[in-house]
$ cat query_14.pdb   # PDB, C-alpha atoms
ATOM      1  CA  MET A   1       5.147 -38.013  -7.098  1.00  0.00           C
ATOM      2  CA  LEU A   2       3.645 -34.940  -8.701  1.00  0.00           C
ATOM      3  CA  ASP A   3       1.986 -35.390 -12.077  1.00  0.00           C
ATOM      4  CA  ALA A   4       1.049 -32.101 -13.708  1.00  0.00           C
ATOM      5  CA  ASP A   5       0.554 -30.481 -17.087  1.00  0.00           C
ATOM      6  CA  ILE A   6       3.052 -27.612 -17.168  1.00  0.00           C
ATOM      7  CA  ARG A   7       1.832 -26.046 -20.406  1.00  0.00           C
ATOM      8  CA  GLY A   8       1.310 -22.391 -19.589  1.00  0.00           C
ATOM      9  CA  PHE A   9       2.470 -22.927 -15.998  1.00  0.00           C
ATOM     10  CA  PHE A  10       4.787 -19.926 -15.908  1.00  0.00           C
ATOM     11  CA  ASP A  11       2.096 -17.701 -17.454  1.00  0.00           C
ATOM     12  CA  ALA A  12      -0.606 -18.685 -14.960  1.00  0.00           C
ATOM     13  CA  ILE A  13       1.140 -18.176 -11.607  1.00  0.00           C
ATOM     14  CA  ASP A  14      -0.716 -15.626  -9.468  1.00  0.00           C
ATOM     15  CA  HIS A  15       1.765 -13.149  -7.952  1.00  0.00           C
ATOM     16  CA  GLU A  16      -0.099 -12.659  -4.673  1.00  0.00           C
ATOM     17  CA  TRP A  17      -0.448 -16.400  -4.103  1.00  0.00           C
ATOM     18  CA  LEU A  18       3.187 -16.994  -5.052  1.00  0.00           C
ATOM     19  CA  VAL A  19       4.470 -14.326  -2.648  1.00  0.00           C
ATOM     20  CA  LYS A  20       2.465 -15.900   0.192  1.00  0.00           C
ATOM     21  CA  PHE A  21       4.130 -19.247  -0.541  1.00  0.00           C
ATOM     22  CA  VAL A  22       7.558 -17.610  -0.643  1.00  0.00           C
ATOM     23  CA  GLU A  23       6.941 -15.750   2.630  1.00  0.00           C
ATOM     24  CA  HIS A  24       5.905 -19.037   4.233  1.00  0.00           C
ATOM     25  CA  ARG A  25       9.177 -20.740   3.242  1.00  0.00           C
ATOM     26  CA  ILE A  26      11.680 -17.858   3.347  1.00  0.00           C
ATOM     27  CA  ALA A  27      12.129 -15.838   6.536  1.00  0.00           C
ATOM     28  CA  ASP A  28      14.501 -13.241   5.075  1.00  0.00           C
ATOM     29  CA  LYS A  29      12.339 -10.243   4.156  1.00  0.00           C
ATOM     30  CA  ARG A  30      15.061  -8.920   1.832  1.00  0.00           C
ATOM     31  CA  VAL A  31      14.820 -12.023  -0.341  1.00  0.00           C
ATOM     32  CA  VAL A  32      11.014 -11.791  -0.422  1.00  0.00           C
ATOM     33  CA  ARG A  33      11.201  -8.091  -1.343  1.00  0.00           C
ATOM     34  CA  HIS A  34      13.664  -8.882  -4.145  1.00  0.00           C
ATOM     35  CA  ILE A  35      11.327 -11.552  -5.570  1.00  0.00           C
ATOM     36  CA  LYS A  36       8.395  -9.100  -5.429  1.00  0.00           C
ATOM     37  CA  LYS A  37      10.431  -6.539  -7.353  1.00  0.00           C
ATOM     38  CA  TRP A  38      11.395  -9.149  -9.925  1.00  0.00           C
ATOM     39  CA  LEU A  39       7.752 -10.109 -10.447  1.00  0.00           C
ATOM     40  CA  ASN A  40       6.663  -6.471 -10.726  1.00  0.00           C
ATOM     41  CA  ALA A  41       9.455  -5.366 -13.064  1.00  0.00           C
ATOM     42  CA  GLY A  42       7.343  -5.770 -16.202  1.00  0.00           C
ATOM     43  CA  VAL A  43       8.547  -6.178 -19.750  1.00  0.00           C
ATOM     44  CA  LEU A  44       9.118  -3.898 -22.724  1.00  0.00           C
ATOM     45  CA  GLU A  45       6.673  -4.397 -25.586  1.00  0.00           C
ATOM     46  CA  ASN A  46       7.057  -2.109 -28.603  1.00  0.00           C
ATOM     47  CA  GLY A  47       9.009   0.372 -26.502  1.00  0.00           C
ATOM     48  CA  LYS A  48       6.350   0.547 -23.770  1.00  0.00           C
ATOM     49  CA  ARG A  49       6.540  -0.997 -20.344  1.00  0.00           C
ATOM     50  CA  ALA A  50       3.856  -3.630 -19.731  1.00  0.00           C
ATOM     51  CA  TYR A  51       3.032  -5.032 -16.312  1.00  0.00           C
ATOM     52  CA  GLN A  52       1.634  -8.456 -15.570  1.00  0.00           C
ATOM     53  CA  GLU A  53      -0.413  -9.506 -12.558  1.00  0.00           C
ATOM     54  CA  THR A  54       0.155 -13.181 -13.246  1.00  0.00           C
ATOM     55  CA  GLY A  55       3.039 -15.243 -14.520  1.00  0.00           C
ATOM     56  CA  THR A  56       6.756 -15.118 -14.073  1.00  0.00           C
ATOM     57  CA  PRO A  57       9.203 -13.434 -16.434  1.00  0.00           C
ATOM     58  CA  GLN A  58       9.462 -15.496 -19.611  1.00  0.00           C
ATOM     59  CA  GLY A  59      13.042 -16.677 -19.907  1.00  0.00           C
ATOM     60  CA  GLY A  60      13.852 -15.106 -16.572  1.00  0.00           C
ATOM     61  CA  SER A  61      16.364 -16.907 -14.409  1.00  0.00           C
ATOM     62  CA  ILE A  62      14.001 -16.575 -11.435  1.00  0.00           C
ATOM     63  CA  SER A  63      11.155 -18.499 -13.128  1.00  0.00           C
ATOM     64  CA  PRO A  64      12.508 -22.043 -12.568  1.00  0.00           C
ATOM     65  CA  LEU A  65      13.378 -21.182  -8.957  1.00  0.00           C
ATOM     66  CA  LEU A  66       9.842 -19.946  -8.269  1.00  0.00           C
ATOM     67  CA  ALA A  67       8.380 -23.007  -9.995  1.00  0.00           C
ATOM     68  CA  ASN A  68      10.476 -25.218  -7.711  1.00  0.00           C
ATOM     69  CA  ILE A  69       9.218 -23.371  -4.636  1.00  0.00           C
ATOM     70  CA  ILE A  70       5.614 -23.834  -5.761  1.00  0.00           C
ATOM     71  CA  SER A  71       6.039 -27.495  -6.631  1.00  0.00           C
ATOM     72  CA  THR A  72       7.692 -28.115  -3.251  1.00  0.00           C
ATOM     73  CA  MET A  73       4.799 -26.424  -1.455  1.00  0.00           C
ATOM     74  CA  CYS A  74       2.181 -28.324  -3.449  1.00  0.00           C
ATOM     75  CA  SER A  75       3.795 -31.693  -2.850  1.00  0.00           C
ATOM     76  CA  THR A  76       4.046 -31.359   0.946  1.00  0.00           C
TER      77      THR A  76
END
$ encode --input "query_14.pdb" --output "structure tokens"
Amino acid sequence: MLDADIRGFFDAIDHEWLVKFVEHRIADKRVVRHIKKWLNAGVLENGKRAYQETGTPQGGSISPLLANIISTMCST
């Protein structure tokens, strides 16, 4: 059983570390490339594009999937 405080979890995920986990579990390079693009897409803030080096897109449909991958890796 995994017991964790998830407050700020999605904001604190390191992209480089996350991609290494994904590459370890997923052999299809196209899927890994798509996830990298999703993480690097950035967000619009006041009409300007802002990039983040950590965290997953807030409200993004990919965020729960990536959290599941990380929690699976951490629990094994």
$ atom_distance --input "query_14.pdb" --atom1 "CA of Glu45 in chain A" --atom2 "CA of Ile69 in chain A"
28.4 Å
$ closest_residue --input "query_14.pdb" --among "A:Ile26, A:Ile70, A:Val19, A:Leu65" --to "Asn40 in chain A" --atoms "only C-alpha atoms"
A:Val19
$ residues_around --input "query_14.pdb" --residues "Thr56 in chain A" --least-positions-apart "6" --cutoff "10 Å" --atoms "all atoms listed in the file" --output "PyMOL selection string"
chain A and resi 9-15+18+38-40+42+62-64+66-67
$ atom_distance --input "query_14.pdb" --atom1 "CA of Ala27 in chain A" --atom2 "CA of Gly60 in chain A"
23.2 Å
$ closest_residue --input "query_14.pdb" --among "A:Ile35, A:Arg30, A:Val43, A:Val22" --to "Ser71 in chain A" --atoms "all atoms listed in the file"
A:Val22
$ axis_aligned_box --input "query_14.pdb" --around "range 63-69 of chain A" --padding-each-side "8 Å" --output "AutoDock Vina command-line options"
--center_x 10.9 --center_y -21.9 --center_z -8.9 --size_x 21.0 --size_y 22.7 --size_z 24.5
$ atom_distance --input "query_14.pdb" --atom1 "CA of Glu23 in chain A" --atom2 "CA of Pro57 in chain A"
19.3 Å
